[in-house]
file data_18.cif (mmCIF, C-alpha atoms and all ligand atoms)
data_target
loop_
_atom_site.label_atom_id
_atom_site.label_comp_id
_atom_site.auth_asym_id
_atom_site.auth_seq_id
_atom_site.Cartn_x
_atom_site.Cartn_y
_atom_site.Cartn_z
CA MET A 30 53.74 90.47 34.08
CA GLN A 31 53.37 88.85 37.48
CA ALA A 32 51.17 90.74 39.94
CA PHE A 33 52.85 92.35 42.94
CA ASP A 34 52.46 94.80 45.83
CA LEU A 35 55.15 96.80 47.56
CA GLN A 36 54.45 96.21 51.23
CA VAL A 37 55.81 98.22 54.15
CA ASN A 38 56.16 97.22 57.78
CA ARG A 39 53.66 99.53 59.48
CA LYS A 40 55.88 100.04 62.52
CA LYS A 41 59.29 100.10 60.80
CA PHE A 42 59.06 101.78 57.40
CA HIS A 43 62.62 100.86 56.44
CA ASP A 44 61.45 97.27 56.36
CA TYR A 45 59.70 96.69 53.04
CA LYS A 46 59.22 93.87 50.56
CA VAL A 47 57.91 93.23 47.09
CA VAL A 48 55.29 90.52 47.35
CA THR A 49 54.41 88.71 44.15
CA LYS A 50 51.08 87.01 43.84
CA GLU A 51 48.99 85.16 41.34
CA THR A 52 47.71 87.61 38.75
CA PRO A 53 43.98 88.15 39.28
CA THR A 54 41.65 87.48 36.34
CA ALA A 55 38.00 87.98 35.41
CA ALA A 56 37.24 84.75 37.28
CA ASP A 57 38.07 86.52 40.55
CA LEU A 58 35.41 89.20 40.05
CA ALA A 59 31.97 89.22 41.63
CA ASP A 60 29.08 90.75 39.69
CA GLY A 61 29.54 94.52 39.41
CA GLN A 62 33.29 94.43 40.01
CA ILE A 63 36.17 95.43 37.75
CA LEU A 64 39.85 94.52 37.67
CA VAL A 65 42.32 97.29 36.89
CA LYS A 66 46.00 97.15 36.11
CA VAL A 67 47.90 100.07 37.60
CA ASP A 68 49.92 101.62 34.78
CA GLN A 69 51.70 104.65 36.21
CA PHE A 70 51.79 106.71 39.39
CA ALA A 71 53.70 109.54 41.04
CA PHE A 72 55.95 108.99 44.03
CA THR A 73 56.67 111.98 46.31
CA ALA A 74 57.13 112.67 50.03
CA ASN A 75 53.34 112.94 50.23
CA ASN A 76 53.12 109.15 49.85
CA ILE A 77 55.58 108.67 52.70
CA THR A 78 53.37 110.93 54.83
CA TYR A 79 50.47 108.56 54.10
CA ALA A 80 52.55 105.90 55.84
CA ALA A 81 53.69 108.24 58.65
CA VAL A 82 50.10 109.07 59.60
CA GLY A 83 48.71 105.76 58.34
CA GLU A 84 47.53 104.50 61.72
CA VAL A 85 45.99 107.78 62.88
CA VAL A 86 44.32 108.89 59.67
CA GLY A 87 43.58 105.43 58.32
CA TYR A 88 45.64 105.36 55.12
CA TRP A 89 46.55 101.68 55.67
CA LYS A 90 42.86 100.84 55.41
CA PHE A 91 42.53 101.64 51.71
CA PHE A 92 44.45 98.59 50.47
CA PRO A 93 44.65 96.43 53.59
CA VAL A 94 47.14 93.59 54.04
CA SER A 95 47.51 92.74 57.73
CA ALA A 96 48.03 94.33 61.15
CA ASP A 97 51.81 94.43 60.56
CA TRP A 98 52.12 95.17 56.83
CA GLY A 99 50.55 97.83 54.67
CA ILE A 100 50.47 99.18 51.12
CA ILE A 101 51.15 102.87 50.59
CA PRO A 102 48.55 104.60 48.40
CA VAL A 103 49.60 106.53 45.29
CA TRP A 104 47.93 108.79 42.70
CA GLY A 105 48.02 107.69 39.11
CA PHE A 106 46.36 105.91 36.20
CA ALA A 107 45.06 102.38 35.75
CA ASP A 108 43.41 100.49 32.89
CA VAL A 109 40.38 98.27 33.19
CA ILE A 110 41.46 94.77 32.11
CA ALA A 111 38.31 92.84 33.12
CA SER A 112 34.82 94.03 33.90
CA LYS A 113 31.64 92.55 35.32
CA ASN A 114 30.15 96.03 35.64
CA GLU A 115 27.81 97.01 32.84
CA GLY A 116 28.75 100.71 33.11
CA ILE A 117 32.48 100.17 32.60
CA THR A 118 34.24 98.54 29.68
CA VAL A 119 37.63 96.92 29.29
CA GLY A 120 40.20 99.43 28.04
CA GLU A 121 38.84 102.44 29.92
CA ARG A 122 41.50 104.36 31.84
CA PHE A 123 40.87 105.98 35.22
CA TYR A 124 42.83 108.50 37.29
CA GLY A 125 42.68 108.07 41.05
CA TYR A 126 44.03 106.58 44.25
CA TYR A 127 45.70 103.20 43.79
CA PRO A 128 47.89 100.81 45.77
CA MET A 129 51.64 100.78 45.24
CA GLY A 130 51.13 97.56 43.34
CA SER A 131 50.10 96.20 40.00
CA HIS A 132 46.42 95.18 40.22
CA LEU A 133 43.26 96.13 42.08
CA ILE A 134 39.77 94.68 42.22
CA MET A 135 37.19 97.44 42.61
CA SER A 136 33.43 97.66 43.11
CA PRO A 137 32.34 100.71 41.12
CA ALA A 138 29.27 102.52 42.45
CA LYS A 139 27.51 105.64 41.18
CA VAL A 140 29.02 105.00 37.75
CA LYS A 141 28.72 107.96 35.38
CA SER A 142 30.40 108.72 32.07
CA THR A 143 32.77 111.00 33.99
CA ASN A 144 33.66 108.99 37.10
CA PHE A 145 32.74 106.32 39.64
CA MET A 146 33.16 105.79 43.38
CA ASP A 147 34.80 102.62 44.65
CA GLY A 148 31.97 101.10 46.65
CA ILE A 149 34.04 98.27 48.08
CA GLU A 150 32.94 97.72 51.64
CA HIS A 151 36.17 98.35 53.54
CA ARG A 152 36.57 101.83 52.00
CA GLN A 153 33.15 103.19 52.84
CA ALA A 154 34.12 104.84 56.13
CA LEU A 155 37.16 106.51 54.51
CA PRO A 156 37.14 110.07 53.09
CA LEU A 157 35.19 110.25 49.84
CA ILE A 158 37.80 112.22 47.88
CA TYR A 159 40.02 109.14 47.81
CA ASN A 160 37.25 106.87 46.50
CA ASN A 161 36.55 108.93 43.36
CA TYR A 162 37.95 107.67 40.02
CA ILE A 163 37.93 109.91 36.97
CA ASN A 164 37.41 108.55 33.46
CA THR A 165 40.12 109.94 31.18
CA LYS A 166 37.76 109.57 28.20
CA THR A 167 35.52 112.39 29.40
CA ASP A 168 37.85 114.45 31.61
CA PRO A 169 38.23 117.83 29.86
CA GLY A 170 41.57 118.45 31.60
CA TYR A 171 43.09 115.14 30.49
CA SER A 172 45.75 114.66 27.86
CA LYS A 173 48.03 111.67 27.38
CA ASP A 174 51.08 113.95 27.41
CA GLY A 175 49.92 115.57 30.65
CA GLU A 176 49.60 112.33 32.62
CA ALA A 177 52.88 112.64 34.55
CA ILE A 178 52.13 116.21 35.65
CA GLN A 179 48.59 115.20 36.59
CA SER A 180 49.80 112.28 38.75
CA LEU A 181 52.49 114.39 40.38
CA PHE A 182 50.61 117.60 40.98
CA ARG A 183 46.85 117.19 40.87
CA PRO A 184 46.48 116.22 44.55
CA LEU A 185 49.34 118.47 45.69
CA PHE A 186 48.38 121.57 43.75
CA THR A 187 44.74 121.19 44.81
CA THR A 188 46.02 121.45 48.38
CA SER A 189 48.23 124.44 47.49
CA PHE A 190 45.20 126.13 45.92
CA LEU A 191 43.01 125.45 48.94
CA ILE A 192 45.61 126.72 51.44
CA ASP A 193 46.13 129.90 49.42
CA ASP A 194 42.37 130.38 49.22
CA PHE A 195 41.86 129.60 52.93
CA MET A 196 44.52 132.14 53.86
CA ALA A 197 43.11 134.86 51.62
CA ASP A 198 39.59 134.04 52.81
CA ASN A 199 40.82 134.80 56.34
CA ASP A 200 42.87 137.89 55.40
CA PHE A 201 45.99 135.90 56.23
CA PHE A 202 44.93 136.20 59.87
CA GLY A 203 46.50 139.65 59.83
CA GLY A 204 49.92 138.21 58.95
CA GLN A 205 52.31 139.84 56.54
CA ASN A 206 55.23 137.43 56.67
CA ILE A 207 54.17 134.04 55.34
CA ILE A 208 56.72 131.38 56.22
CA LEU A 209 56.67 128.08 54.33
CA THR A 210 58.75 125.18 55.66
CA SER A 211 60.03 122.42 53.33
CA ALA A 212 59.96 125.20 50.78
CA SER A 213 61.34 122.92 48.06
CA SER A 214 58.41 120.49 48.28
CA LYS A 215 55.96 120.50 45.39
CA THR A 216 53.02 121.43 47.59
CA ALA A 217 54.94 124.37 49.08
CA ILE A 218 56.09 125.48 45.63
CA GLY A 219 52.50 125.44 44.37
CA LEU A 220 51.46 127.55 47.34
CA ALA A 221 54.38 129.98 46.92
CA ALA A 222 53.47 130.41 43.23
CA LEU A 223 49.88 131.28 44.16
CA LEU A 224 50.90 133.61 46.99
CA ALA A 225 53.34 135.38 44.66
CA GLN A 226 50.41 136.22 42.37
CA ARG A 227 48.69 137.97 45.27
CA LYS A 228 51.56 140.35 45.82
CA ARG A 229 50.01 142.88 43.48
CA GLU A 230 47.08 143.26 45.87
CA SER A 231 48.78 142.70 49.23
CA LYS A 232 52.00 143.32 51.09
CA LEU A 233 52.76 139.68 51.67
CA ASN A 234 56.35 138.70 52.22
CA ILE A 235 56.81 135.07 51.20
CA ILE A 236 59.64 133.34 53.05
CA GLY A 237 60.89 129.85 52.30
CA LEU A 238 62.67 127.70 54.87
CA THR A 239 64.59 124.80 53.39
CA SER A 240 67.63 122.62 53.90
CA THR A 241 70.98 124.21 53.09
CA GLY A 242 71.50 122.09 49.99
CA ASN A 243 68.19 123.17 48.46
CA MET A 244 68.52 126.93 49.06
CA ASN A 245 69.74 127.82 45.57
CA PHE A 246 67.04 125.76 43.95
CA VAL A 247 64.33 127.41 46.06
CA ARG A 248 65.72 130.89 45.39
CA GLY A 249 65.85 130.17 41.67
CA LEU A 250 62.14 129.43 41.56
CA GLY A 251 61.43 133.14 41.88
CA TYR A 252 58.29 132.63 43.97
CA TYR A 253 59.80 133.35 47.40
CA ASP A 254 60.90 136.85 48.49
CA SER A 255 63.58 135.37 50.70
CA VAL A 256 64.95 131.94 51.48
CA LEU A 257 66.62 130.80 54.69
CA SER A 258 67.99 127.48 55.85
CA TYR A 259 66.67 125.73 58.93
CA ASP A 260 69.64 126.86 61.02
CA GLN A 261 68.94 130.51 60.12
CA VAL A 262 65.54 130.73 61.81
CA HIS A 263 66.98 133.33 64.22
CA GLN A 264 67.50 135.62 61.19
CA LEU A 265 63.78 135.72 60.39
CA ALA A 266 62.25 139.16 60.83
CA ASN A 267 60.05 138.97 63.90
CA ASP A 268 58.78 142.52 63.90
CA LYS A 269 55.70 141.76 61.79
CA ALA A 270 52.71 139.51 62.21
CA SER A 271 53.65 136.12 60.78
CA VAL A 272 51.94 133.00 59.52
CA ILE A 273 53.63 129.60 59.32
CA VAL A 274 52.55 127.02 56.76
CA ASP A 275 54.34 123.91 57.92
CA PHE A 276 55.03 121.08 55.49
CA SER A 277 57.94 119.71 57.48
CA GLY A 278 56.35 118.51 60.72
CA ASN A 279 59.73 118.78 62.46
CA ALA A 280 59.05 119.33 66.18
CA GLN A 281 62.34 121.14 66.88
CA LEU A 282 61.74 123.50 63.96
CA GLN A 283 58.28 124.24 65.30
CA GLU A 284 59.75 124.97 68.72
CA ASN A 285 62.40 127.27 67.21
CA LEU A 286 59.86 129.13 65.10
CA GLN A 287 57.36 129.51 67.90
CA SER A 288 59.90 130.85 70.36
CA HIS A 289 61.53 133.17 67.80
CA LEU A 290 58.26 134.63 66.48
CA GLY A 291 56.59 134.84 69.89
CA SER A 292 53.41 136.91 69.85
CA GLN A 293 53.98 137.82 66.17
CA LEU A 294 52.90 134.30 65.25
CA VAL A 295 49.27 134.83 64.34
CA TYR A 296 48.52 131.52 62.61
CA ASN A 297 50.37 128.23 62.48
CA CYS A 298 48.96 126.06 59.69
CA LEU A 299 50.00 122.41 59.85
CA VAL A 300 49.87 120.74 56.46
CA GLY A 301 52.64 118.19 56.05
CA MET A 302 55.07 115.89 57.73
CA VAL A 303 57.91 115.23 55.32
CA ASP A 304 60.37 115.10 58.21
CA TRP A 305 58.43 112.21 59.72
CA THR A 306 61.22 110.91 62.01
CA GLN A 307 61.40 114.29 63.81
CA ARG A 308 57.74 114.87 64.40
CA GLY A 309 57.43 114.28 68.12
CA GLY A 310 59.38 113.10 71.08
CA ALA A 311 60.36 115.23 74.02
CA LYS A 312 60.44 118.46 72.01
CA SER A 313 57.45 120.71 71.82
CA ALA A 314 54.90 119.66 69.25
CA ALA A 315 52.98 122.22 67.28
CA THR A 316 51.10 123.42 70.34
CA ASN A 317 49.83 126.54 68.62
CA GLY A 318 49.12 124.81 65.36
CA LYS A 319 45.94 124.03 63.51
CA PHE A 320 45.78 121.09 61.13
CA PHE A 321 44.74 122.10 57.65
CA PHE A 322 41.84 120.04 56.45
CA ALA A 323 41.62 120.69 52.72
CA PRO A 324 38.15 119.14 52.20
CA SER A 325 36.54 121.74 54.55
CA GLN A 326 37.71 124.65 52.40
CA ALA A 327 36.73 122.75 49.24
CA VAL A 328 33.23 122.11 50.59
CA LYS A 329 32.88 125.77 51.62
CA ARG A 330 33.92 127.04 48.18
CA ASN A 331 31.83 124.50 46.30
CA LYS A 332 28.84 125.88 48.20
CA GLU A 333 29.76 129.52 47.68
CA TRP A 334 31.06 129.37 44.10
CA GLY A 335 29.12 126.31 42.91
CA VAL A 336 30.88 123.21 41.63
CA ALA A 337 31.46 124.76 38.19
CA GLY A 338 32.78 128.01 39.70
CA PHE A 339 35.17 126.10 41.91
CA GLN A 340 36.39 123.96 39.00
CA GLN A 341 36.83 127.00 36.82
CA ARG A 342 38.96 128.85 39.39
CA ILE A 343 41.17 125.90 40.19
CA GLY A 344 41.41 125.08 36.48
CA MET A 345 42.69 128.58 35.65
CA ALA A 346 45.25 128.42 38.47
CA TRP A 347 46.32 124.94 37.31
CA ILE A 348 46.94 126.06 33.73
CA LYS A 349 49.10 128.94 34.89
CA PHE A 350 51.10 126.90 37.40
CA THR A 351 51.66 123.86 35.19
CA SER A 352 52.83 126.04 32.29
CA GLN A 353 55.82 127.00 34.49
CA ILE A 354 56.74 123.58 35.91
CA GLY A 355 59.10 122.82 33.02
CA ASN A 356 61.27 125.74 34.18
CA TRP A 357 62.24 123.96 37.39
CA MET A 358 61.33 120.28 37.28
CA THR A 359 62.00 117.35 35.00
CA VAL A 360 60.06 114.12 35.10
CA LYS A 361 62.02 110.92 35.65
CA GLU A 362 60.46 107.54 35.01
CA ALA A 363 61.23 104.52 37.13
CA ASP A 364 60.60 101.44 35.05
CA GLY A 365 58.89 98.55 36.79
CA VAL A 366 58.92 97.09 40.22
CA ASP A 367 62.72 96.84 40.63
CA GLU A 368 63.24 100.53 40.00
CA LEU A 369 60.28 101.35 42.24
CA ALA A 370 61.92 99.37 45.05
CA GLN A 371 65.18 101.29 44.49
CA LEU A 372 63.33 104.60 44.85
CA TYR A 373 61.61 103.67 48.07
CA LEU A 374 64.41 104.09 50.64
CA PRO A 375 65.81 107.37 49.24
CA MET A 376 62.26 108.76 49.21
CA LEU A 377 61.70 107.59 52.79
CA GLU A 378 64.94 109.23 53.90
CA GLY A 379 64.37 112.50 52.04
CA LYS A 380 67.36 112.02 49.74
CA MET A 381 65.58 113.15 46.59
CA ASP A 382 66.42 116.01 44.29
CA PRO A 383 63.52 118.51 44.34
CA LYS A 384 64.18 119.29 40.67
CA VAL A 385 62.98 115.80 39.74
CA GLY A 386 59.42 114.51 39.73
CA HIS A 387 59.34 110.71 39.98
CA ILE A 388 56.87 108.69 37.98
CA VAL A 389 56.71 104.94 38.28
CA GLN A 390 55.74 103.16 35.08
CA LEU A 391 54.75 99.53 35.57
N1 LIG A 401 47.19 117.91 54.42
C1 LIG A 401 47.01 117.73 53.13
O1 LIG A 401 45.90 117.71 52.65
C2 LIG A 401 48.21 117.57 52.23
C3 LIG A 401 48.06 117.54 50.83
C4 LIG A 401 49.20 117.49 50.03
C5 LIG A 401 50.46 117.41 50.61
N2 LIG A 401 50.55 117.39 51.96
C6 LIG A 401 51.87 117.23 52.60
O2 LIG A 401 52.82 118.16 52.14
C7 LIG A 401 54.12 117.57 52.30
C8 LIG A 401 54.90 117.77 51.03
O3 LIG A 401 54.57 116.76 50.09
P1 LIG A 401 55.17 116.78 48.60
O4 LIG A 401 54.73 115.52 47.96
O5 LIG A 401 54.86 118.09 48.01
O6 LIG A 401 56.73 116.66 48.89
P2 LIG A 401 57.97 116.58 47.89
O7 LIG A 401 57.80 117.45 46.73
O8 LIG A 401 58.34 115.16 47.65
O9 LIG A 401 59.02 117.25 48.90
C9 LIG A 401 60.36 117.07 48.87
C10 LIG A 401 61.00 117.99 49.92
O10 LIG A 401 60.54 117.70 51.25
C11 LIG A 401 61.65 117.71 52.17
N3 LIG A 401 61.82 116.31 52.59
C12 LIG A 401 61.41 115.23 51.93
N4 LIG A 401 61.65 114.10 52.62
C13 LIG A 401 62.21 114.49 53.77
C14 LIG A 401 62.67 113.76 54.90
N5 LIG A 401 62.60 112.44 55.00
N6 LIG A 401 63.21 114.47 55.90
C15 LIG A 401 63.29 115.80 55.82
N7 LIG A 401 62.84 116.54 54.76
C16 LIG A 401 62.31 115.88 53.75
C17 LIG A 401 62.80 118.30 51.40
O11 LIG A 401 62.57 119.71 51.43
P3 LIG A 401 63.47 120.83 52.17
O12 LIG A 401 64.89 120.57 51.81
O13 LIG A 401 62.92 122.09 51.53
O14 LIG A 401 63.19 120.73 53.63
C18 LIG A 401 62.50 117.80 49.99
O15 LIG A 401 63.13 118.56 48.99
C19 LIG A 401 53.90 116.10 52.67
O16 LIG A 401 54.05 115.90 54.07
C20 LIG A 401 52.48 115.88 52.26
O17 LIG A 401 51.84 114.83 52.92
C21 LIG A 401 49.48 117.46 52.77
#
call {"tool": "encode", "arguments": {"input": "data_18.cif", "output": "structure tokens"}}
result
Amino acid sequence: MQAFDLQVNRKKFHDYKVVTKETPTAADLADGQILVKVDQFAFTANNITYAAVGEVVGYWKFFPVSADWGIIPVWGFADVIASKNEGITVGERFYGYYPMGSHLIMSPAKVKSTNFMDGIEHRQALPLIYNNYINTKTDPGYSKDGEAIQSLFRPLFTTSFLIDDFMADNDFFGGQNIILTSASSKTAIGLAALLAQRKRESKLNIIGLTSTGNMNFVRGLGYYDSVLSYDQVHQLANDKASVIVDFSGNAQLQENLQSHLGSQLVYNCLVGMVDWTQRGGAKSAATNGKFFFAPSQAVKRNKEWGVAGFQQRIGMAWIKFTSQIGNWMTVKEADGVDELAQLYLPMLEGKMDPKVGHIVQL
């Protein structure tokens, strides 16, 4: 297989190209480095958001190409095919953050039997969570059969878990109506599933906002108490304190919600930006919003619960949530670089079926 990267024009995301290159070998490694071959990864709107906020948040810096072109990061699995690091052997398989491409040279640091950090220089100023690679050999949660679900949901459901926990930790800021935009997205679904479990102890009313075509799907999930389309915002009850959890990032939707809810809007939590073409412009941005920074809540809970306590809680929630995924989602594999390239534009334009989870197998 010839090595390749899928590169995206950093200013015009519709402009993309598959760039083939000479396949790296052991001869390209410095002492301490490893070469991995990316085997499979998930592709969701989250990866498009990495591009949308790439300049501001720094996502283009993980796998740099040039000032004009970038590689979108993905979550998945890769195999070590050459190693000059005495702690890592050829054949080991790691879960983590990889380029949308076939090969990566890494500089493992802090190597343990469980994981390592990529110590390559250009990544050192970037958030640590993205530099951590987990060894499948020792990961208690790993199974070969569970790889697709892990790639698709591990980063997304961790965020769902942390938002749910952050909200509960703050008594939902006094809100009773919890409104999730892009309600058909996997991260929103994970959150809705967790919120639904809290209904026994609270009077939460979980409302999903979605596009007209996805309403039946979102209703059928059974996690939302009610589901409205984006042009039905005026039908939202605005007689109770309300919280928005925004995965859409659509500026007009924010404006509509803010003016409709008025003083009943007690917290506006900004998480995603799936609708990346509609995020700004002349319309009001999320003036009342607060960006959700998942690592802060994770750090807080790791301190309060301990690392093991945190892992245990998220692990229990994960088992419950993933046991239900088969009821609403099927995994579809794209085979190789050509099928990956065919997926790219529909994913960019939001033309994907929420009932399908896309895995790219290289
Ligand atoms: N801040 C964080 O730490 C964090 C962590 C995880 C995820 N997120 C964010 O959460 C969002 C959801 O990610 P995901 O991977 O869960 O998404 P996903 O499952 O791929 O979401 C698909 C849904 O998003 C909407 N959508 C997708 N592309 C669109 C487009 N181009 N224009 C308009 N709507 C579009 C549609 O929902 P509707 O029809 O329901 O509108 C679609 O069914 C992303 O923005 C992601 O970056 C943030």
call {"tool": "residues_near_point", "arguments": {"input": "data_18.cif", "point": "(58.7, 139.2, 49.0)", "cutoff": "9 Å", "atoms": "all atoms listed in the file", "output": "PyMOL selection string"}}
result
chain A and resi 206+225+228+232-236+252-255
call {"tool": "closest_atom_pairs", "arguments": {"input": "data_18.cif", "of": "chain A", "to": "ligand LIG 401 (chain A)", "cutoff": "6 Å", "atoms": "all atoms listed in the file", "output": "Markdown table"}}
result
| residue | atom | partner | partner_atom | distance |
| --- | --- | --- | --- | --- |
| A:Thr73 | CA | A:LIG401 | O8 | 3.8 |
| A:Ala74 | CA | A:LIG401 | O8 | 3.7 |
| A:Asn75 | CA | A:LIG401 | O17 | 3.6 |
| A:Thr78 | CA | A:LIG401 | O17 | 4.6 |
| A:Leu185 | CA | A:LIG401 | C4 | 4.5 |
| A:Thr188 | CA | A:LIG401 | C3 | 5.0 |
| A:Ser211 | CA | A:LIG401 | O13 | 3.4 |
| A:Ala212 | CA | A:LIG401 | O13 | 4.4 |
| A:Ser213 | CA | A:LIG401 | O13 | 3.9 |
| A:Ser214 | CA | A:LIG401 | O9 | 3.4 |
| A:Lys215 | CA | A:LIG401 | O5 | 3.7 |
| A:Thr216 | CA | A:LIG401 | O5 | 3.8 |
| A:Thr239 | CA | A:LIG401 | O13 | 3.7 |
| A:Ser240 | CA | A:LIG401 | O12 | 4.0 |
| A:Asn243 | CA | A:LIG401 | O12 | 5.4 |
| A:Phe276 | CA | A:LIG401 | C7 | 4.8 |
| A:Val300 | CA | A:LIG401 | N1 | 4.4 |
| A:Gly301 | CA | A:LIG401 | O16 | 3.3 |
| A:Met302 | CA | A:LIG401 | O16 | 3.8 |
| A:Val303 | CA | A:LIG401 | O16 | 4.1 |
| A:Asp304 | CA | A:LIG401 | N6 | 3.7 |
| A:Phe321 | CA | A:LIG401 | N1 | 5.8 |
| A:Ala323 | CA | A:LIG401 | O1 | 5.2 |
| A:Leu377 | CA | A:LIG401 | N5 | 5.4 |
| A:Glu378 | CA | A:LIG401 | N5 | 4.1 |
| A:Gly379 | CA | A:LIG401 | N4 | 3.2 |
| A:Pro383 | CA | A:LIG401 | O15 | 4.7 |
call {"tool": "residues_around", "arguments": {"input": "data_18.cif", "residues": "A:Tyr296", "least_positions_apart": "2", "cutoff": "8 Å", "atoms": "only C-alpha atoms", "output": "VMD selection string"}}
result
chain A and resid 202 204 271 to 273 294 298 317 to 319
call {"tool": "atom_distance", "arguments": {"input": "data_18.cif", "atom1": "atom CA of A:Val65", "atom2": "atom CA of A:Ala111"}}
result
7.1 Å
call {"tool": "atom_distance", "arguments": {"input": "data_18.cif", "atom1": "atom CA of A:Leu191", "atom2": "atom CA of A:Tyr162"}}
result
20.5 Å
